[in-house]
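Just data.txt here, compact mmCIF, C-alpha atoms:
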```txt
# COMPACT_ATOMS: atom_id res chain seq x y z
CA MET A 1 -134.49 69.31 52.14
CA GLN A 2 -133.26 67.61 48.99
CA ARG A 3 -132.50 70.98 47.37
CA LYS A 4 -130.40 72.02 50.39
CA ALA A 5 -128.40 68.75 50.17
CA VAL A 6 -127.73 69.25 46.51
CA ARG A 7 -126.61 72.84 47.05
CA ARG A 8 -124.27 71.76 49.84
CA ALA A 9 -122.76 69.01 47.59
CA LEU A 10 -122.09 71.29 44.62
CA PRO A 11 -119.01 73.13 46.06
CA GLY A 12 -117.38 69.80 46.92
CA ILE A 13 -117.97 68.43 43.40
CA ALA A 14 -116.58 71.57 41.81
CA MET A 15 -113.45 71.42 43.96
CA LEU A 16 -112.94 67.76 43.04
CA THR A 17 -113.27 68.60 39.35
CA VAL A 18 -110.63 71.31 39.64
CA LEU A 19 -108.22 68.96 41.40
CA VAL A 20 -108.66 66.23 38.76
CA ALA A 21 -108.12 68.72 35.93
CA GLY A 22 -104.99 70.06 37.59
CA ALA A 23 -103.56 66.58 38.01
CA ALA A 24 -104.25 65.79 34.37
CA GLY A 25 -102.44 68.97 33.34
CA LEU A 26 -99.43 68.08 35.43
CA THR A 27 -99.33 64.59 33.89
CA GLY A 28 -99.48 66.03 30.39
CA CYS A 29 -96.64 68.43 31.08
CA THR A 30 -94.49 65.68 32.51
CA GLY A 31 -95.06 63.47 29.47
CA GLY A 32 -94.22 66.28 27.06
CA SER A 33 -90.99 67.05 28.85
CA LYS A 34 -89.94 63.40 28.69
CA ALA A 35 -90.65 63.15 24.97
CA GLY A 36 -88.70 66.31 24.30
CA GLY A 37 -85.71 64.99 26.22
CA THR A 38 -85.71 61.72 24.26
CA SER A 39 -85.76 63.59 20.96
CA ASP A 40 -82.80 65.75 21.91
CA SER A 41 -80.85 62.72 23.08
CA LYS A 42 -81.36 60.93 19.75
CA ALA A 43 -80.44 63.99 17.77
CA GLY A 44 -77.19 64.28 19.66
CA GLY A 45 -76.49 60.54 19.36
CA ASN A 46 -76.94 60.52 15.58
CA GLN A 47 -74.12 63.00 15.06
CA ALA A 48 -71.08 61.00 13.90
CA ALA A 49 -67.70 61.83 15.36
CA PRO A 50 -65.36 63.78 13.07
CA ALA A 51 -62.92 61.73 10.97
CA GLN A 52 -59.65 60.93 12.69
CA PRO A 53 -56.74 63.01 11.38
CA GLY A 54 -53.95 61.28 9.47
CA LYS A 55 -50.33 60.91 10.45
CA TYR A 56 -49.10 63.71 8.21
CA ARG A 57 -50.15 67.34 8.61
CA ILE A 58 -47.62 68.86 6.18
CA LEU A 59 -45.78 67.74 3.04
CA PRO A 60 -42.02 67.77 2.34
CA ALA A 61 -40.39 70.03 -0.22
CA PRO A 62 -40.90 67.95 -3.39
CA CYS A 63 -37.70 69.00 -5.18
CA LYS A 64 -35.53 67.94 -2.24
CA ALA A 65 -37.36 64.98 -0.74
CA GLY A 66 -35.22 61.91 -1.37
CA ALA A 67 -33.84 63.20 -4.68
CA ASP A 68 -30.26 64.00 -3.69
CA SER A 69 -27.73 65.12 -6.29
CA LYS A 70 -25.98 61.75 -6.44
CA ARG A 71 -29.19 59.85 -7.17
CA LEU A 72 -30.35 62.45 -9.69
CA LYS A 73 -27.06 62.26 -11.60
CA VAL A 74 -27.57 58.51 -12.04
CA MET A 75 -31.20 58.84 -13.11
CA LEU A 76 -30.71 61.97 -15.23
CA PRO A 77 -27.44 61.99 -17.17
CA ILE A 78 -26.83 65.33 -18.87
CA ALA A 79 -24.74 66.66 -21.72
CA GLU A 80 -21.15 67.50 -20.88
CA SER A 81 -21.49 70.84 -22.64
CA LEU A 82 -23.63 72.28 -19.83
CA THR A 83 -22.05 74.83 -17.54
CA PRO A 84 -21.95 74.22 -13.76
CA GLU A 85 -24.73 76.80 -13.31
CA GLN A 86 -26.90 75.00 -15.87
CA ARG A 87 -26.30 71.69 -14.17
CA ASP A 88 -27.22 73.05 -10.76
CA GLN A 89 -30.38 74.58 -12.18
CA LEU A 90 -31.35 71.33 -13.92
CA TYR A 91 -30.85 69.16 -10.84
CA ALA A 92 -32.67 71.69 -8.64
CA GLY A 93 -35.88 70.77 -10.48
CA THR A 94 -38.97 72.83 -11.24
CA ALA A 95 -41.72 72.89 -8.64
CA ASP A 96 -45.31 72.41 -9.81
CA ALA A 97 -47.73 75.26 -9.28
CA SER A 98 -49.79 74.63 -6.15
CA TYR A 99 -52.56 76.61 -4.45
CA ASP A 100 -52.22 74.65 -1.21
CA GLY A 101 -48.73 73.46 -0.34
CA ASP A 102 -50.04 71.41 2.58
CA ARG A 103 -52.33 69.35 0.34
CA ARG A 104 -50.58 68.83 -3.02
CA VAL A 105 -47.02 69.53 -4.23
CA GLY A 106 -44.77 68.23 -7.01
CA CYS A 107 -41.49 68.66 -8.84
CA ARG A 108 -40.15 67.86 -12.35
CA TRP A 109 -36.78 67.30 -13.96
CA THR A 110 -35.72 67.04 -17.61
CA ALA A 111 -32.29 65.94 -18.86
CA GLN A 112 -31.06 65.53 -22.43
CA THR A 113 -28.02 64.00 -24.10
CA PRO A 114 -27.40 63.25 -27.78
CA GLU A 115 -28.48 59.67 -27.10
CA GLU A 116 -31.68 60.15 -25.08
CA THR A 117 -34.04 62.32 -23.07
CA ARG A 118 -35.04 61.46 -19.52
CA LEU A 119 -37.98 62.84 -17.57
CA LEU A 120 -38.66 62.55 -13.85
CA SER A 121 -41.57 63.81 -11.76
CA VAL A 122 -42.55 63.38 -8.13
CA GLY A 123 -45.92 64.34 -6.63
CA PHE A 124 -47.25 64.28 -3.05
CA GLU A 125 -50.93 64.41 -2.11
CA ARG A 126 -52.09 64.67 1.50
CA VAL A 127 -55.62 63.30 1.76
CA VAL A 128 -58.05 64.82 4.26
CA SER A 129 -61.49 63.32 4.91
CA TYR A 130 -64.42 65.69 5.31
CA ASP A 131 -66.93 62.84 5.16
CA ARG A 132 -68.17 61.85 8.62
CA ALA A 133 -69.03 58.42 7.25
CA VAL A 134 -65.30 57.75 6.71
CA ALA A 135 -63.46 56.75 9.86
CA SER A 136 -60.16 58.54 9.23
CA ASP A 137 -57.92 60.35 6.75
CA ASP A 138 -56.06 57.05 6.27
CA ASP A 139 -59.27 55.32 5.15
CA LYS A 140 -60.01 58.13 2.71
CA ALA A 141 -56.46 57.93 1.34
CA ARG A 142 -56.88 54.21 0.83
CA GLN A 143 -60.03 54.83 -1.19
CA VAL A 144 -58.10 57.25 -3.41
CA TYR A 145 -55.30 54.70 -3.82
CA VAL A 146 -57.72 51.90 -4.74
CA ARG A 147 -59.27 54.09 -7.45
CA GLN A 148 -55.82 54.62 -8.97
CA LEU A 149 -55.07 50.90 -8.72
CA THR A 150 -58.34 50.13 -10.50
CA ALA A 151 -57.61 52.72 -13.20
CA ALA A 152 -54.27 50.98 -13.81
CA LYS A 153 -56.24 47.74 -14.35
CA LEU A 154 -54.25 45.87 -11.75
CA PRO A 155 -55.78 43.25 -9.43
CA PHE A 156 -56.50 44.28 -5.88
CA PRO A 157 -54.16 42.41 -3.50
CA GLY A 158 -55.81 39.99 -1.13
CA PRO A 159 -56.61 36.32 -0.56
CA THR A 160 -57.84 34.52 -3.62
CA ALA A 161 -60.10 31.53 -3.67
CA SER A 162 -58.32 28.26 -4.29
CA PRO A 163 -59.17 26.77 -7.67
CA THR A 164 -61.48 23.80 -7.81
CA PRO A 165 -59.41 20.65 -8.32
CA THR A 166 -60.00 18.99 -11.63
CA THR A 167 -58.88 15.67 -13.02
CA PRO A 168 -56.01 16.34 -15.38
CA THR A 169 -56.47 15.13 -18.91
CA PRO A 170 -53.60 12.89 -19.97
CA THR A 171 -51.63 14.31 -22.85
CA PRO A 172 -49.68 12.19 -25.28
CA THR A 173 -45.93 12.34 -24.94
CA PRO A 174 -44.59 14.29 -27.88
CA THR A 175 -42.19 12.43 -30.08
CA ALA A 176 -39.11 14.12 -31.39
CA PRO A 177 -39.32 14.80 -35.12
CA ALA A 178 -36.84 13.05 -37.29
CA ALA A 179 -33.87 15.20 -38.11
CA PRO A 180 -33.83 16.23 -41.75
CA ALA A 181 -31.06 14.79 -43.83
CA THR A 182 -28.39 17.30 -44.59
CA THR A 183 -25.60 17.30 -47.03
CA PRO A 184 -22.16 17.88 -45.56
CA GLY A 185 -21.17 21.48 -46.10
CA ALA A 186 -24.67 22.63 -46.94
CA PRO A 187 -26.18 25.61 -45.00
CA PRO A 188 -28.75 24.81 -42.32
CA ALA A 189 -32.39 24.67 -43.36
CA SER A 190 -34.49 27.80 -43.03
CA GLY A 191 -35.93 28.24 -39.55
CA SER A 192 -33.46 25.97 -37.81
CA PRO A 193 -31.74 27.45 -34.77
CA SER A 194 -28.23 28.72 -35.07
CA PRO A 195 -25.61 26.47 -33.43
CA SER A 196 -24.55 29.37 -31.23
CA GLY A 197 -28.16 30.10 -30.19
CA SER A 198 -30.16 33.31 -30.62
CA PRO A 199 -29.75 36.13 -28.09
CA SER A 200 -32.31 36.08 -25.30
CA ALA A 201 -35.05 38.70 -25.39
CA PRO A 202 -34.83 41.52 -22.79
CA VAL A 203 -36.65 40.84 -19.55
CA GLU A 204 -39.97 42.70 -19.20
CA LEU A 205 -40.98 43.02 -15.57
CA GLY A 206 -44.34 44.57 -16.42
CA SER A 207 -46.96 46.31 -14.28
CA ARG A 208 -47.83 44.77 -10.92
CA VAL A 209 -48.56 45.30 -7.23
CA ILE A 210 -45.36 45.51 -5.19
CA ASP A 211 -44.55 44.95 -1.52
CA GLY A 212 -42.23 46.68 0.89
CA LEU A 213 -43.01 50.22 -0.22
CA GLY A 214 -45.14 52.22 2.18
CA ASN A 215 -48.45 50.69 3.24
CA GLU A 216 -49.33 49.60 -0.30
CA ALA A 217 -47.93 50.27 -3.75
CA PHE A 218 -48.07 49.34 -7.41
CA ILE A 219 -45.88 49.92 -10.44
CA GLU A 220 -46.83 50.54 -14.07
CA ASP A 221 -44.39 49.83 -16.89
CA LYS A 222 -45.39 51.06 -20.34
CA LEU A 223 -43.41 50.77 -23.57
CA SER A 224 -44.44 52.87 -26.55
CA PRO A 225 -45.25 51.01 -29.80
CA ALA A 226 -42.33 50.19 -32.05
CA GLY A 227 -41.95 52.28 -35.17
CA ALA A 228 -39.79 52.19 -38.26
CA THR A 229 -38.25 55.59 -37.61
CA ALA A 230 -39.02 56.24 -33.94
CA ALA A 231 -37.38 54.75 -30.89
CA GLN A 232 -39.45 53.10 -28.17
CA SER A 233 -39.75 55.11 -24.98
CA ARG A 234 -40.40 53.52 -21.60
CA THR A 235 -42.32 55.13 -18.74
CA VAL A 236 -42.35 53.64 -15.26
CA ARG A 237 -44.89 54.98 -12.78
CA ILE A 238 -44.91 54.07 -9.09
CA VAL A 239 -47.82 54.95 -6.82
CA PHE A 240 -47.64 54.22 -3.11
CA ARG A 241 -49.54 55.19 0.02
CA THR A 242 -48.05 55.97 3.42
CA SER A 243 -50.80 56.69 5.94
CA ASN A 244 -52.78 59.63 4.51
CA VAL A 245 -50.18 60.65 1.88
CA ILE A 246 -50.14 59.29 -1.67
CA VAL A 247 -46.93 59.63 -3.68
CA THR A 248 -46.72 59.34 -7.47
CA LEU A 249 -43.36 58.96 -9.19
CA GLU A 250 -42.88 58.90 -12.99
CA TYR A 251 -39.61 58.10 -14.74
CA SER A 252 -39.36 58.11 -18.57
CA VAL A 253 -36.47 57.18 -20.85
CA GLN A 254 -36.80 58.29 -24.50
CA PRO A 255 -33.93 57.13 -26.75
CA ALA A 256 -33.03 59.20 -29.79
CA LEU A 257 -31.92 56.33 -32.02
CA PRO A 258 -34.56 54.06 -33.63
CA GLY A 259 -34.45 50.44 -32.56
CA THR A 260 -33.25 51.26 -29.05
CA VAL A 261 -35.38 49.83 -26.23
CA PRO A 262 -34.77 51.05 -22.65
CA SER A 263 -34.26 48.26 -20.14
CA SER A 264 -37.32 47.42 -18.05
CA ALA A 265 -35.28 46.10 -15.14
CA GLU A 266 -32.94 49.09 -15.01
CA THR A 267 -35.68 51.69 -15.35
CA GLN A 268 -37.83 50.07 -12.69
CA ASP A 269 -34.89 49.58 -10.33
CA ARG A 270 -33.88 53.24 -10.43
CA ALA A 271 -37.45 54.42 -9.98
CA ARG A 272 -38.00 52.06 -7.07
CA GLN A 273 -34.81 53.18 -5.31
CA LEU A 274 -36.03 56.77 -5.45
CA ALA A 275 -39.47 55.71 -4.22
CA GLN A 276 -37.88 53.97 -1.23
CA ALA A 277 -35.89 57.14 -0.46
CA LEU A 278 -39.17 59.10 -0.50
CA VAL A 279 -40.70 56.68 2.02
CA GLU A 280 -37.72 57.15 4.32
CA ARG A 281 -38.02 60.92 3.96
CA LEU A 282 -41.68 60.82 4.98
CA ASN A 283 -40.90 58.65 8.01
CA GLU A 284 -38.19 60.96 9.37
```

Written as structure tokens, that's how I'd like the structure from this file.
Amino acid sequence: MQRKAVRRALPGIAMLTVLVAGAAGLTGCTGGSKAGGTSDSKAGGNQAAPAQPGKYRILPAPCKAGADSKRLKVMLPIAESLTPEQRDQLYAGTADASYDGDRRVGCRWTAQTPEETRLLSVGFERVVSYDRAVASDDDKARQVYVRQLTAAKLPFPGPTASPTPTTPTPTPTPTAPAAPATTPGAPPASGSPSPSGSPSAPVELGSRVIDGLGNEAFIEDKLSPAGATAAQSRTVRIVFRTSNVIVTLEYSVQPALPGTVPSSAETQDRARQLAQALVERLNE
């Protein structure tokens, strides 16, 4: 009797085992599908969005952007002996070689007179970000600009910490030295100032960060060392950024006569006027 009971129970146990195994298989499949879906979701979420395009998609013609004939004639005086054709060719400028006119273009001018030689160049660079970690072309252009600002050894504009107040050290009031006795009619002592006063030294504006030109800008002013037989040349370079375009302008004045020093104020003023015209051209 016991054997018959066992035999009758075996089919039921086998069926129960099959059902349990099937349920376990279904649970395993469901769990695997869920894990796979989570992995795909994370992979898609980790993909950064492409960098936002900048404002400018093309660049202007460098030899015509902002450099009209009237402005060029002021910045680049030429010899009167040139023919009208030679003048037109000179003021037309020479375009820089470029393999991608939508990314980098430039133009150069050279003018000579018996008194001096003047050089002018204008370059445009449209910055495009291919780095997904950078938010936009504008951000990439700002990184390029900051590198140039650092190379020029100029301080980065921004709020500066206020200096710690210190107690000033009292300084003794200087007393005027007694005037040396002079004999009527005798020449003034060596080193004494001339009654008419010495001429004031020319104003040097120097290199600095400037405002009101594009989004951000700086100017470099370099004067070549003085020499006994060579004149001092001055080169003013302006770099400014407008959105994702960086513009570089260089203006050099090289006198022919020794002892001649080009004016810092005049050279910078003319270069800055042209730079402002380039900003207006980009914003058209």

Pick out the residues sitting within 8 Å of region 252-259 of chain A, and hand them over as an mmCIF file with C-alpha atoms, keeping the file's coordinate frame; count all atoms listed in the file, and ignore anything fewer than 5 positions along from it in its own chain.
```
data_model
loop_
_atom_site.group_PDB
_atom_site.id
_atom_site.type_symbol
_atom_site.label_atom_id
_atom_site.label_comp_id
_atom_site.auth_asym_id
_atom_site.auth_seq_id
_atom_site.Cartn_x
_atom_site.Cartn_y
_atom_site.Cartn_z
ATOM 1 C CA PRO A 114 -27.400 63.250 -27.780
ATOM 2 C CA GLU A 115 -28.480 59.670 -27.100
ATOM 3 C CA GLU A 116 -31.680 60.150 -25.080
ATOM 4 C CA THR A 117 -34.040 62.320 -23.070
ATOM 5 C CA ARG A 118 -35.040 61.460 -19.520
ATOM 6 C CA LEU A 119 -37.980 62.840 -17.570
ATOM 7 C CA LEU A 120 -38.660 62.550 -13.850
ATOM 8 C CA ALA A 226 -42.330 50.190 -32.050
ATOM 9 C CA GLY A 227 -41.950 52.280 -35.170
ATOM 10 C CA ALA A 228 -39.790 52.190 -38.260
ATOM 11 C CA THR A 229 -38.250 55.590 -37.610
ATOM 12 C CA ALA A 230 -39.020 56.240 -33.940
ATOM 13 C CA ALA A 231 -37.380 54.750 -30.890
ATOM 14 C CA GLN A 232 -39.450 53.100 -28.170
ATOM 15 C CA SER A 233 -39.750 55.110 -24.980
ATOM 16 C CA ARG A 234 -40.400 53.520 -21.600
ATOM 17 C CA THR A 235 -42.320 55.130 -18.740
ATOM 18 C CA VAL A 236 -42.350 53.640 -15.260
ATOM 19 C CA THR A 267 -35.680 51.690 -15.350
#
```

From A:Ala111, A:Ile58, A:Val146, A:Ala217, residue lying nearest Val279 (chain A) [all atoms listed in the file]: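 The shortest atom-to-atom distance to Val279 (chain A) comes from A:Ala217.
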
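From CA of Asp131 (chain A) back to CA of Leu154 (chain A), the distance works out to 27.1 Å.
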
Between CA of Trp109 (chain A) and CA of Asn244 (chain A), distance in Å (one decimal):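 Between these atoms lies a distance of 25.6 Å.
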
For Pro262 (chain A), the nearest of the candidates A:Ser243, A:Asn283, A:Ser136, A:Ser224, counting only C-alpha atoms: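 Closest to Pro262 (chain A) of all the choices is A:Ser224.
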
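For the atom pair formed by CA of Ala95 (chain A) and CA of Cys107 (chain A), the distance is 4.2 Å, given to one decimal.
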